[in-house]
file protein-v1.txt (compact mmCIF, C-alpha atoms and all ligand atoms)
# COMPACT_ATOMS: atom_id res chain seq x y z
CA MET W 395 0.00 0.00 0.00
CA SER W 396 1.31 3.43 -0.89
CA THR W 397 1.69 6.17 1.69
CA LEU W 398 -0.60 9.20 1.79
CA HIS W 399 1.44 12.25 2.75
CA LEU W 400 -0.83 15.00 4.09
CA VAL W 401 1.34 18.13 3.95
CA ASP W 402 -0.48 20.34 6.41
CA HIS W 403 2.16 22.99 7.07
CA PRO W 404 0.54 26.23 8.33
CA MET W 405 1.80 28.24 5.33
CA ILE W 406 0.18 25.76 2.96
CA GLN W 407 -3.10 25.65 4.88
CA HIS W 408 -3.29 29.45 4.94
CA LYS W 409 -2.66 29.78 1.20
CA LEU W 410 -5.10 26.97 0.38
CA THR W 411 -7.86 28.66 2.37
CA ILE W 412 -7.46 31.76 0.20
CA MET W 413 -7.55 29.62 -2.95
CA ARG W 414 -10.77 27.89 -1.91
CA GLN W 415 -12.73 31.15 -1.59
CA LYS W 416 -14.99 31.78 -4.56
CA ASP W 417 -14.05 35.47 -4.86
CA THR W 418 -10.29 34.86 -5.09
CA SER W 419 -9.03 36.25 -8.41
CA THR W 420 -7.45 34.21 -11.17
CA LYS W 421 -4.18 36.06 -10.58
CA ALA W 422 -4.12 35.28 -6.87
CA PHE W 423 -5.24 31.67 -7.43
CA ARG W 424 -2.42 31.08 -9.92
CA GLU W 425 0.23 32.70 -7.71
CA LEU W 426 -0.86 30.77 -4.63
CA LEU W 427 -0.86 27.47 -6.53
CA ASN W 428 2.72 28.19 -7.63
CA GLU W 429 3.78 28.91 -4.09
CA ILE W 430 2.09 25.83 -2.64
CA SER W 431 3.52 23.64 -5.40
CA LEU W 432 7.05 24.60 -4.44
CA LEU W 433 6.28 23.82 -0.80
CA LEU W 434 4.68 20.47 -1.68
CA GLY W 435 7.67 19.67 -3.90
CA TYR W 436 9.88 20.15 -0.88
CA GLU W 437 8.09 17.22 0.78
CA VAL W 438 7.95 15.10 -2.39
CA THR W 439 11.76 15.30 -2.60
CA ARG W 440 12.46 14.99 1.12
CA ASP W 441 13.97 11.48 0.90
CA PHE W 442 16.11 12.05 -2.20
CA PRO W 443 19.45 10.29 -1.66
CA LEU W 444 22.62 12.33 -1.14
CA THR W 445 26.30 11.56 -1.68
CA ASP W 446 29.41 13.24 -0.36
CA LYS W 447 31.16 15.77 -2.55
CA MET W 448 34.54 17.28 -1.76
CA ILE W 449 34.42 21.03 -2.37
CA GLU W 450 36.52 24.09 -1.61
CA THR W 451 35.01 27.03 0.19
CA PRO W 452 36.96 30.29 0.06
CA LEU W 453 38.55 29.19 3.36
CA GLN W 454 39.14 25.42 3.21
CA THR W 455 38.09 22.12 1.71
CA MET W 456 35.04 20.36 3.10
CA VAL W 457 32.72 17.45 2.34
CA GLY W 458 29.40 18.78 1.08
CA LYS W 459 26.33 16.87 -0.07
CA GLU W 460 24.76 16.54 -3.49
CA ILE W 461 21.68 14.76 -4.76
CA SER W 462 22.72 11.44 -6.23
CA GLY W 463 19.56 9.65 -7.30
CA LYS W 464 17.68 9.57 -10.58
CA LYS W 465 17.06 12.73 -12.53
CA VAL W 466 13.56 14.18 -12.27
CA ALA W 467 10.69 14.52 -14.72
CA ILE W 468 7.63 16.58 -13.86
CA VAL W 469 4.49 15.43 -15.67
CA PRO W 470 1.46 17.71 -15.34
CA ILE W 471 -1.95 16.37 -16.30
CA LEU W 472 -3.39 19.04 -18.64
CA ARG W 473 -4.76 21.46 -18.08
CA ALA W 474 -4.83 22.10 -14.35
CA GLY W 475 -1.59 20.23 -13.60
CA LEU W 476 0.23 22.95 -15.56
CA GLY W 477 -0.48 25.33 -12.70
CA MET W 478 1.87 23.33 -10.47
CA VAL W 479 4.83 23.20 -12.87
CA ASP W 480 6.43 26.61 -12.25
CA GLY W 481 6.68 26.02 -8.51
CA LEU W 482 8.24 22.60 -9.05
CA VAL W 483 10.67 23.89 -11.68
CA THR W 484 11.73 26.67 -9.31
CA LEU W 485 12.60 23.95 -6.80
CA ILE W 486 14.17 21.55 -9.33
CA PRO W 487 15.48 23.74 -12.19
CA VAL W 488 17.09 20.84 -14.10
CA ALA W 489 13.90 18.76 -14.23
CA LYS W 490 12.48 17.86 -17.62
CA VAL W 491 8.75 18.34 -18.17
CA GLY W 492 6.41 15.94 -19.96
CA HIS W 493 2.71 16.54 -20.62
CA ILE W 494 -0.30 14.23 -20.52
CA GLY W 495 -3.60 15.62 -21.78
CA LEU W 496 -6.79 14.24 -20.21
CA TYR W 497 -10.18 15.82 -19.66
CA ARG W 498 -13.14 14.44 -17.78
CA ASP W 499 -16.24 13.71 -19.80
CA GLU W 500 -18.95 15.87 -18.23
CA THR W 501 -21.55 13.10 -18.21
CA THR W 502 -19.59 9.95 -17.44
CA HIS W 503 -16.78 11.66 -15.47
CA GLN W 504 -14.40 9.29 -17.21
CA PRO W 505 -11.04 10.71 -18.35
CA VAL W 506 -10.61 11.18 -22.11
CA PHE W 507 -7.05 11.06 -23.44
CA TYR W 508 -5.94 13.68 -25.99
CA TYR W 509 -2.20 14.37 -25.72
CA CYS W 510 1.10 12.90 -24.59
CA LYS W 511 4.64 14.19 -24.97
CA LEU W 512 7.30 12.88 -22.61
CA PRO W 513 11.09 13.14 -22.27
CA ALA W 514 12.75 10.32 -24.27
CA ASP W 515 14.46 8.96 -21.15
CA ILE W 516 11.35 9.15 -18.95
CA ASP W 517 11.83 5.52 -17.86
CA GLN W 518 15.19 6.49 -16.28
CA ARG W 519 13.68 9.34 -14.30
CA PHE W 520 11.98 9.93 -10.99
CA VAL W 521 8.54 11.13 -12.06
CA ILE W 522 6.36 13.65 -10.22
CA VAL W 523 2.82 13.68 -11.67
CA SER W 524 1.06 16.97 -10.89
CA ASP W 525 -2.66 17.71 -10.83
CA PRO W 526 -4.33 19.93 -8.22
CA MET W 527 -7.49 17.81 -8.00
CA LEU W 528 -7.72 14.09 -7.18
CA ALA W 529 -11.47 13.51 -7.40
CA THR W 530 -12.57 10.06 -8.62
CA GLY W 531 -8.90 9.30 -9.28
CA GLY W 532 -9.63 8.30 -12.88
CA SER W 533 -7.33 10.89 -14.47
CA ALA W 534 -4.42 10.20 -12.13
CA CYS W 535 -4.79 6.42 -12.55
CA ASP W 536 -4.83 6.67 -16.36
CA ALA W 537 -1.84 9.04 -16.44
CA ILE W 538 0.17 6.77 -14.16
CA SER W 539 -0.78 3.66 -16.21
CA LEU W 540 0.47 5.44 -19.32
CA LEU W 541 3.76 6.29 -17.59
CA LYS W 542 4.18 2.69 -16.44
CA ASP W 543 3.56 1.51 -20.02
CA LYS W 544 6.52 3.75 -20.99
CA GLY W 545 8.66 1.93 -18.40
CA CYS W 546 8.50 4.35 -15.46
CA THR W 547 9.05 2.62 -12.12
CA ASN W 548 9.47 5.49 -9.70
CA ILE W 549 6.38 7.71 -9.66
CA ARG W 550 4.86 10.05 -7.09
CA MET W 551 1.49 11.83 -7.32
CA MET W 552 1.33 15.45 -6.19
CA CYS W 553 -2.04 17.14 -5.79
CA LEU W 554 -3.55 19.99 -3.81
CA VAL W 555 -6.96 18.68 -2.75
CA ALA W 556 -7.86 14.99 -2.68
CA ALA W 557 -11.17 13.21 -2.14
CA PRO W 558 -11.26 9.96 -0.17
CA GLU W 559 -12.70 8.26 -3.26
CA GLY W 560 -9.72 9.24 -5.42
CA ILE W 561 -7.18 8.31 -2.78
CA GLY W 562 -8.78 4.88 -2.40
CA ARG W 563 -8.84 4.22 -6.13
CA LEU W 564 -5.25 5.38 -6.70
CA GLN W 565 -3.95 3.30 -3.81
CA ALA W 566 -5.84 0.24 -5.09
CA GLU W 567 -4.72 0.58 -8.73
CA HIS W 568 -1.20 1.88 -8.11
CA PRO W 569 -0.09 0.75 -4.65
CA ASP W 570 3.52 1.69 -5.45
CA VAL W 571 2.73 5.40 -5.98
CA ASP W 572 2.87 7.65 -2.93
CA ILE W 573 0.38 10.54 -2.83
CA TYR W 574 1.24 14.04 -1.60
CA THR W 575 -1.64 16.40 -0.92
CA ALA W 576 -2.32 19.59 1.05
CA ALA W 577 -5.86 18.49 2.00
CA VAL W 578 -8.15 15.49 2.16
CA ASP W 579 -11.70 16.78 1.70
CA GLU W 580 -15.04 15.21 2.64
CA ARG W 581 -16.46 13.57 -0.46
CA LEU W 582 -17.55 13.94 -4.09
CA ASN W 583 -20.89 15.46 -5.10
CA GLU W 584 -23.24 14.01 -7.75
CA ASN W 585 -21.11 15.63 -10.50
CA ALA W 586 -17.92 14.12 -9.10
CA TYR W 587 -16.69 17.49 -7.84
CA ILE W 588 -14.83 17.58 -4.56
CA LEU W 589 -16.70 18.95 -1.51
CA PRO W 590 -15.93 21.44 -0.11
CA GLY W 591 -13.13 21.65 -2.69
CA LEU W 592 -12.32 24.78 -4.66
CA GLY W 593 -14.39 24.31 -7.80
CA ASP W 594 -12.96 23.60 -11.23
CA ALA W 595 -9.20 24.02 -10.86
CA GLY W 596 -8.53 24.43 -14.60
CA ASP W 597 -11.14 27.16 -14.94
CA ARG W 598 -9.83 28.98 -11.89
CA ILE W 599 -6.19 28.84 -13.05
CA PHE W 600 -6.90 29.93 -16.61
CA GLY W 601 -9.94 32.13 -16.05
CA THR W 602 -12.14 30.18 -18.42
CA LYS W 603 -15.38 30.56 -16.51
C1 LIG U 701 -9.80 17.98 -13.55
C2 LIG U 701 -8.57 17.91 -12.70
C3 LIG U 701 -8.12 16.49 -12.86
C4 LIG U 701 -9.45 15.77 -12.95
C5 LIG U 701 -9.73 15.16 -11.62
O1 LIG U 701 -9.48 18.12 -14.88
O2 LIG U 701 -7.57 18.82 -13.09
O3 LIG U 701 -7.35 16.24 -14.02
O4 LIG U 701 -10.45 16.74 -13.26
O5 LIG U 701 -10.87 14.38 -11.66
P1 LIG U 701 -10.84 12.79 -11.53
O6 LIG U 701 -9.95 12.48 -10.37
O7 LIG U 701 -12.27 12.47 -11.29
O8 LIG U 701 -10.31 12.22 -12.82
P2 LIG U 701 -10.60 18.39 -16.01
O9 LIG U 701 -11.07 17.11 -16.56
O10 LIG U 701 -11.62 19.33 -15.48
O11 LIG U 701 -9.75 19.05 -17.16
P3 LIG U 701 -8.99 20.45 -17.20
O12 LIG U 701 -7.84 20.35 -16.22
O13 LIG U 701 -8.54 20.52 -18.60
O14 LIG U 701 -9.95 21.53 -16.81
N1 LIG U 702 -11.90 18.57 -11.15
C1 LIG U 702 -11.84 19.81 -10.59
O1 LIG U 702 -11.23 20.73 -11.16
N2 LIG U 702 -12.46 20.01 -9.41
C2 LIG U 702 -13.11 19.03 -8.77
O2 LIG U 702 -13.65 19.27 -7.67
C3 LIG U 702 -13.15 17.76 -9.36
C4 LIG U 702 -12.53 17.55 -10.55
call {"tool": "encode", "arguments": {"input": "protein-v1.txt", "output": "structure tokens"}}
result
Amino acid sequence: MSTLHLVDHPMIQHKLTIMRQKDTSTKAFRELLNEISLLLGYEVTRDFPLTDKMIETPLQTMVGKEISGKKVAIVPILRAGLGMVDGLVTLIPVAKVGHIGLYRDETTHQPVFYYCKLPADIDQRFVIVSDPMLATGGSACDAISLLKDKGCTNIRMMCLVAAPEGIGRLQAEHPDVDIYTAAVDERLNENAYILPGLGDAGDRIFGTK
């Protein structure tokens, strides 16, 4: 069974509360998502392995530390996952970025695939899948299945708000994928939206409603 990491740092909770409010502007929503994404990324990378590195400071030599594990790929699920990329790239500037396009059918709530472009060496990389909303879990599960089909073996899921239904499904279908989220909300409504949630994340990031 994968681990659910609830990242409930006060700074994150404060920023998320602003994001949830219906009158928060697109500009503020986008900026806050960037900020929270960097902070979540800090936890996603917390156990990255380090090796010793001999360096010279202006005063003497010393043994410093450098990250020694796999290189990183960030894979946002379009559209809303894009809103988490800048924060992650600020934290991990050398990361490559792949894209998976999925949208939920409004009636069935099933994810519909429309785009995929990934780094050629994605199977050699530590992959962080980003999407602010984990609702039914269908989109995350499909994106992760696609990445596994490409040979990825080291995947983590980073979201902002998760529903118990989505967490359960992701843990059942992909028990090797740890989940990082800033909040676990109550439940889904009849349209498979998260309650209390923050509405449609893509629309709020891009101002399309
Ligand atoms: C939203 C969200 C996730 C998905 C979550 O995307 O960004 O990708 O729904 O729902 P699920 O867990 O039930 O699959 P949406 O389909 O609205 O597309 P968009 O990001 O392009 O707006
Ligand atoms: N997608 C969203 O953007 N919000 C939800 O609450 C559920 C799915």
call {"tool": "residues_near_ligand", "arguments": {"input": "protein-v1.txt", "ligand": "ligand LIG 701 (chain U)", "cutoff": "6 Å", "atoms": "only C-alpha atoms and all ligand atoms", "output": "PyMOL selection string"}}
result
chain W and resi 471-474+497-498+505+525-533+560+595-596
call {"tool": "closest_residue", "arguments": {"input": "protein-v1.txt", "among": "W:Ile486, W:Leu554, W:His503, W:Leu453", "to": "Ile430 in chain W", "atoms": "only C-alpha atoms"}}
result
W:Leu554
call {"tool": "atom_distance", "arguments": {"input": "protein-v1.txt", "atom1": "atom N2 of ligand LIG 702 (chain U)", "atom2": "CA of Leu592 in chain W"}}
result
6.7 Å
call {"tool": "closest_atom_pairs", "arguments": {"input": "protein-v1.txt", "of": "range 496-603 of chain W", "to": "range 432-452 of chain W", "cutoff": "12 Å", "atoms": "only C-alpha atoms", "output": "tab-separated table"}}
result
residue	atom	partner	partner_atom	distance
W:Phe520	CA	W:Phe442	CA	9.9
W:Val521	CA	W:Val438	CA	10.5
W:Ile522	CA	W:Val438	CA	8.1
W:Val523	CA	W:Val438	CA	10.7
W:Ser524	CA	W:Gly435	CA	10.0
W:Pro526	CA	W:Leu434	CA	11.1
W:Asn548	CA	W:Phe442	CA	12.0
W:Ile549	CA	W:Val438	CA	10.5
W:Arg550	CA	W:Val438	CA	7.6
W:Met551	CA	W:Val438	CA	8.8
W:Met552	CA	W:Leu434	CA	7.5
W:Cys553	CA	W:Leu434	CA	8.6
W:Leu554	CA	W:Leu434	CA	8.5
W:Val555	CA	W:Leu434	CA	11.8
W:Val571	CA	W:Val438	CA	11.6
W:Asp572	CA	W:Val438	CA	9.0
W:Ile573	CA	W:Val438	CA	8.8
W:Tyr574	CA	W:Val438	CA	6.8
W:Thr575	CA	W:Leu434	CA	7.6
W:Ala576	CA	W:Leu434	CA	7.6
W:Ala577	CA	W:Leu434	CA	11.3
call {"tool": "closest_residue", "arguments": {"input": "protein-v1.txt", "among": "W:Gly458, W:Gly495, W:Gly475, W:Gly481", "to": "ligand LIG 702 (chain U)", "atoms": "only C-alpha atoms and all ligand atoms"}}
result
W:Gly475
call {"tool": "axis_aligned_box", "arguments": {"input": "protein-v1.txt", "around": "ligand LIG 702 (chain U)", "padding_each_side": "3 Å", "output": "lines of an AutoDock Vina configuration file"}}
result
center_x = -12.4
center_y = 19.1
center_z = -9.4
size_x = 8.4
size_y = 9.2
size_z = 9.5
call {"tool": "atom_distance", "arguments": {"input": "protein-v1.txt", "atom1": "CA of Ala557 in chain W", "atom2": "CA of Met405 in chain W"}}
result
21.2 Å
call {"tool": "closest_residue", "arguments": {"input": "protein-v1.txt", "among": "W:Thr455, W:Gln518, W:Thr411, W:Gln504", "to": "ligand LIG 702 (chain U)", "atoms": "all atoms listed in the file"}}
result
W:Gln504
call {"tool": "residues_around", "arguments": {"input": "protein-v1.txt", "residues": "Leu589 in chain W", "least_positions_apart": "5", "cutoff": "7 Å", "atoms": "only C-alpha atoms", "output": "list of chain:residue names"}}
result
W:Asp579, W:Glu580, W:Arg581, W:Leu582, W:Asn583
call {"tool": "write_last_selection", "arguments": {"input": "protein-v1.txt", "atoms": "C-alpha atoms", "output": "PDB file, in the frame of the given file"}}
result
ATOM      1  CA  ASP W 579     -11.700  16.780   1.700  1.00  0.00           C
ATOM      2  CA  GLU W 580     -15.040  15.210   2.640  1.00  0.00           C
ATOM      3  CA  ARG W 581     -16.460  13.570  -0.460  1.00  0.00           C
ATOM      4  CA  LEU W 582     -17.550  13.940  -4.090  1.00  0.00           C
ATOM      5  CA  ASN W 583     -20.890  15.460  -5.100  1.00  0.00           C
TER       6      ASN W 583
END
call {"tool": "closest_residue", "arguments": {"input": "protein-v1.txt", "among": "W:Arg414, W:Arg563, W:His408, W:His399", "to": "ligand LIG 702 (chain U)", "atoms": "only C-alpha atoms and all ligand atoms"}}
result
W:Arg414
call {"tool": "closest_residue", "arguments": {"input": "protein-v1.txt", "among": "W:Asn585, W:Thr420, W:Thr602, W:Gln407", "to": "ligand LIG 702 (chain U)", "atoms": "all atoms listed in the file"}}
result
W:Asn585
call {"tool": "closest_residue", "arguments": {"input": "protein-v1.txt", "among": "W:Lys490, W:Asp402, W:Cys510, W:Gly477", "to": "ligand LIG 702 (chain U)", "atoms": "only C-alpha atoms and all ligand atoms"}}
result
W:Gly477
call {"tool": "atom_distance", "arguments": {"input": "protein-v1.txt", "atom1": "atom N1 of ligand LIG 702 (chain U)", "atom2": "CA of Ala586 in chain W"}}
result
7.8 Å
call {"tool": "residues_around", "arguments": {"input": "protein-v1.txt", "residues": "Asp536 in chain W", "least_positions_apart": "6", "cutoff": "10 Å", "atoms": "only C-alpha atoms", "output": "list in words"}}
result
Ile494, Leu496, Gln504, Pro505, Val506, Phe507, Lys542, Leu564 and Glu567 of chain W
call {"tool": "decode", "arguments": {"input": "protein-v1.txt", "residues": "range 523-581 of chain W", "atoms": "C-alpha atoms", "output": "tab-separated table (two decimals), in the first residue's frame"}}
result
chain	number	residue	atom	x	y	z
W	523	VAL	CA	2.82	13.68	-11.67
W	524	SER	CA	1.06	16.97	-10.89
W	525	ASP	CA	-2.66	17.71	-10.83
W	526	PRO	CA	-4.33	19.93	-8.22
W	527	MET	CA	-7.49	17.81	-8.00
W	528	LEU	CA	-7.72	14.09	-7.18
W	529	ALA	CA	-11.47	13.51	-7.40
W	530	THR	CA	-12.57	10.06	-8.62
W	531	GLY	CA	-8.90	9.30	-9.28
W	532	GLY	CA	-9.63	8.30	-12.88
W	533	SER	CA	-7.33	10.89	-14.47
W	534	ALA	CA	-4.42	10.20	-12.13
W	535	CYS	CA	-4.79	6.42	-12.55
W	536	ASP	CA	-4.83	6.67	-16.36
W	537	ALA	CA	-1.84	9.04	-16.44
W	538	ILE	CA	0.17	6.77	-14.16
W	539	SER	CA	-0.78	3.66	-16.21
W	540	LEU	CA	0.47	5.44	-19.32
W	541	LEU	CA	3.76	6.29	-17.59
W	542	LYS	CA	4.18	2.69	-16.44
W	543	ASP	CA	3.56	1.51	-20.02
W	544	LYS	CA	6.52	3.75	-20.99
W	545	GLY	CA	8.66	1.93	-18.40
W	546	CYS	CA	8.50	4.35	-15.46
W	547	THR	CA	9.05	2.62	-12.12
W	548	ASN	CA	9.47	5.49	-9.70
W	549	ILE	CA	6.38	7.71	-9.66
W	550	ARG	CA	4.86	10.05	-7.09
W	551	MET	CA	1.49	11.83	-7.32
W	552	MET	CA	1.33	15.45	-6.19
W	553	CYS	CA	-2.04	17.14	-5.79
W	554	LEU	CA	-3.55	19.99	-3.81
W	555	VAL	CA	-6.96	18.68	-2.75
W	556	ALA	CA	-7.86	14.99	-2.68
W	557	ALA	CA	-11.17	13.21	-2.14
W	558	PRO	CA	-11.26	9.96	-0.17
W	559	GLU	CA	-12.70	8.26	-3.26
W	560	GLY	CA	-9.72	9.24	-5.42
W	561	ILE	CA	-7.18	8.31	-2.78
W	562	GLY	CA	-8.78	4.88	-2.40
W	563	ARG	CA	-8.84	4.22	-6.13
W	564	LEU	CA	-5.25	5.38	-6.70
W	565	GLN	CA	-3.95	3.30	-3.81
W	566	ALA	CA	-5.84	0.24	-5.09
W	567	GLU	CA	-4.72	0.58	-8.73
W	568	HIS	CA	-1.20	1.88	-8.11
W	569	PRO	CA	-0.09	0.75	-4.65
W	570	ASP	CA	3.52	1.69	-5.45
W	571	VAL	CA	2.73	5.40	-5.98
W	572	ASP	CA	2.87	7.65	-2.93
W	573	ILE	CA	0.38	10.54	-2.83
W	574	TYR	CA	1.24	14.04	-1.60
W	575	THR	CA	-1.64	16.40	-0.92
W	576	ALA	CA	-2.32	19.59	1.05
W	577	ALA	CA	-5.86	18.49	2.00
W	578	VAL	CA	-8.15	15.49	2.16
W	579	ASP	CA	-11.70	16.78	1.70
W	580	GLU	CA	-15.04	15.21	2.64
W	581	ARG	CA	-16.46	13.57	-0.46
